[in-house]
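J.: Encoded as structure tokens, here's the structure I'll be asking about.
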Amino acid sequence: MIRLLSLIGLSFLLFANANAQSPVEVFYEKDNTGAYVFSCRNSAFCPYSITVTFSELNGLRSSTTFPYRTEVRPGQQSLFKLQPEPNQSNSFRYSFSSVKGCKQTKVDTALVYLLPASPGKRVSAVESPYIGKLYAGEADPKDWYSLAIKMNSGDTVFAARRGTVSAVRSDAMPSGTHLGFNRSDNMVEINHADCSFATYTVLRQKSIFVEPGQFVEAGTPLGIVGGENYDFGPHVRFTVHYNYEAPVIKNGKPTDQKQYWAYVPIRFWLGEQQKAGRLEPRENYLAEHPEPIIQQEMSKREQKKWQKSHAK
């Protein structure tokens, strides 16, 4: 069981590394005064945090301090200017890095999530240990919390919280049997209003119902669960995480490596208990999608619109 859970955790980490290529571009243009105007283009469907660093900066006056750090929303926005100093030659070299998520995230810990299963279905879950802790002596990332939610073959996976679909992978076809993990499992990622991200991983090939940029409400069908060829059986791996930079702690000591995610130990709506709480390992839970949980992040206008569209 430890091996299985370790590999479940590993697959999430591999996914994060595999998607490290940034959709963010930092560039500059000269304006009519001769200043270099720097801008950023974010072609993703979620915010990114960027850092712009100059290794050379001569004969230029900046409108900001460096390294320059900011948060960029989808689309294009201006960053800063470099104004030439009078009667001086100028030169510069720069580089930038980017991380998915907001510069400073204030996670809504009071929010209650739906179980990501059809109403009336029963599910169970196990917590996945952090692979770096098991095999590399690393400390858990902040508030590490990752679940493998066991479901039945053919079950639909639902959004546990409203947000914008920020990434989708739907064409992976794991081969073999008795799998512990697959680096490129099909998945849906949703960016929430507080700039946290939920990932729903291990979905059936070409069975995802949503696409990047689509806004979904809590309780929206996302796709069909996969994992029939896993030792654990059909399941969805579920985490909620947000941008949080910290050094990797290994064998009790900080290293030069960085972790860029912290996790949310979320609470689900436990209908039979009529309360919100953490999932206990191997317990059976009945999924429910009550209106107050679905509507908890909606404005009054959105609530009225939702109620009208769902009137029986």
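We label chains A, B, ... in the order they appear in the structure tokens, count residues from 1 in each chain, and number ligands from 1 in the order shown.
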I'd like the contact shell of segment 295-310 of chain A - 9 Å cut-off, only C-alpha atoms, skipping same-chain residues fewer than 3 positions apart - returned as a ChimeraX atom specification.
T.: /A:111-112,161-162,193,217-218,290-292
J.: Using DSSP on the backbone coordinates, identify all residues within segment 49-249 of chain A classified as alpha helix (DSSP H); present the result as a VMD selection string.
T.: chain A and resid 131 to 136
J.: Which residues come within 6 Å of Gln259 of chain A, counting only C-alpha atoms, excluding same-chain residues fewer than 6 positions away, as a ChimeraX atom specification?
T.: /A:245-248
J.: Write out the residues from the selection above, keeping all heavy atoms, as a tab-separated table (two decimals), in the first residue's frame.
T.:
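And here is the file that came out, out_33.tsv:
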chain	number	residue	atom	x	y	z
A	245	GLU	N	6.50	29.92	-2.34
A	245	GLU	CA	7.93	29.58	-2.52
A	245	GLU	C	8.60	29.36	-1.18
A	245	GLU	O	8.48	30.19	-0.27
A	245	GLU	CB	8.64	30.69	-3.29
A	245	GLU	CG	10.09	30.39	-3.59
A	245	GLU	CD	10.75	31.47	-4.42
A	245	GLU	OE1	10.04	32.17	-5.17
A	245	GLU	OE2	11.99	31.62	-4.29
A	246	ALA	N	9.31	28.26	-1.07
A	246	ALA	CA	10.04	27.95	0.16
A	246	ALA	C	11.20	27.02	-0.19
A	246	ALA	O	11.13	26.27	-1.17
A	246	ALA	CB	9.11	27.28	1.18
A	247	PRO	N	12.27	27.04	0.59
A	247	PRO	CA	13.37	26.12	0.32
A	247	PRO	C	12.99	24.69	0.62
A	247	PRO	O	12.20	24.42	1.53
A	247	PRO	CB	14.48	26.60	1.26
A	247	PRO	CG	13.76	27.30	2.37
A	247	PRO	CD	12.56	27.92	1.73
A	248	VAL	N	13.52	23.76	-0.16
A	248	VAL	CA	13.34	22.34	0.13
A	248	VAL	C	14.16	22.01	1.37
A	248	VAL	O	15.35	22.32	1.44
A	248	VAL	CB	13.79	21.48	-1.06
A	248	VAL	CG1	13.78	20.00	-0.69
A	248	VAL	CG2	12.89	21.73	-2.28
J.: Counting only C-alpha atoms, what is within 10 Å of segment 284-286 of chain A, bar same-chain residues fewer than 5 positions away, as a list of chain:residue names?
T.: A:Leu115, A:Ala117, A:Ser118, A:Pro119, A:Gly120, A:Lys121, A:Arg122, A:Val123, A:Ser124, A:Ala125, A:Lys150, A:Trp269, A:Leu270, A:Gly271, A:Glu272, A:Gln273, A:Leu279
J.: Can you tell me how far atom CA of Gly277 of chain A sits from atom CA of His235 of chain A, in Å to one decimal?
T.: 20.3 Å
J.: Counting only C-alpha atoms, which of A:Ser128, A:Thr53, A:Gln257, A:Ser170 gets nearest to Pro281 of chain A?
T.: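 Closest to Pro281 of chain A, using only C-alpha atoms: A:Ser128.
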J.: List as a list of chain:residue names the protein and nucleic acid residues near Thr239 of chain A, meaning an atom at most 6 Å away when only C-alpha atoms are counted, but skip any in the same chain fewer than 4 places from it.
T.: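 The residues satisfying every condition are A:Ser146, A:Ala198, A:Thr199.
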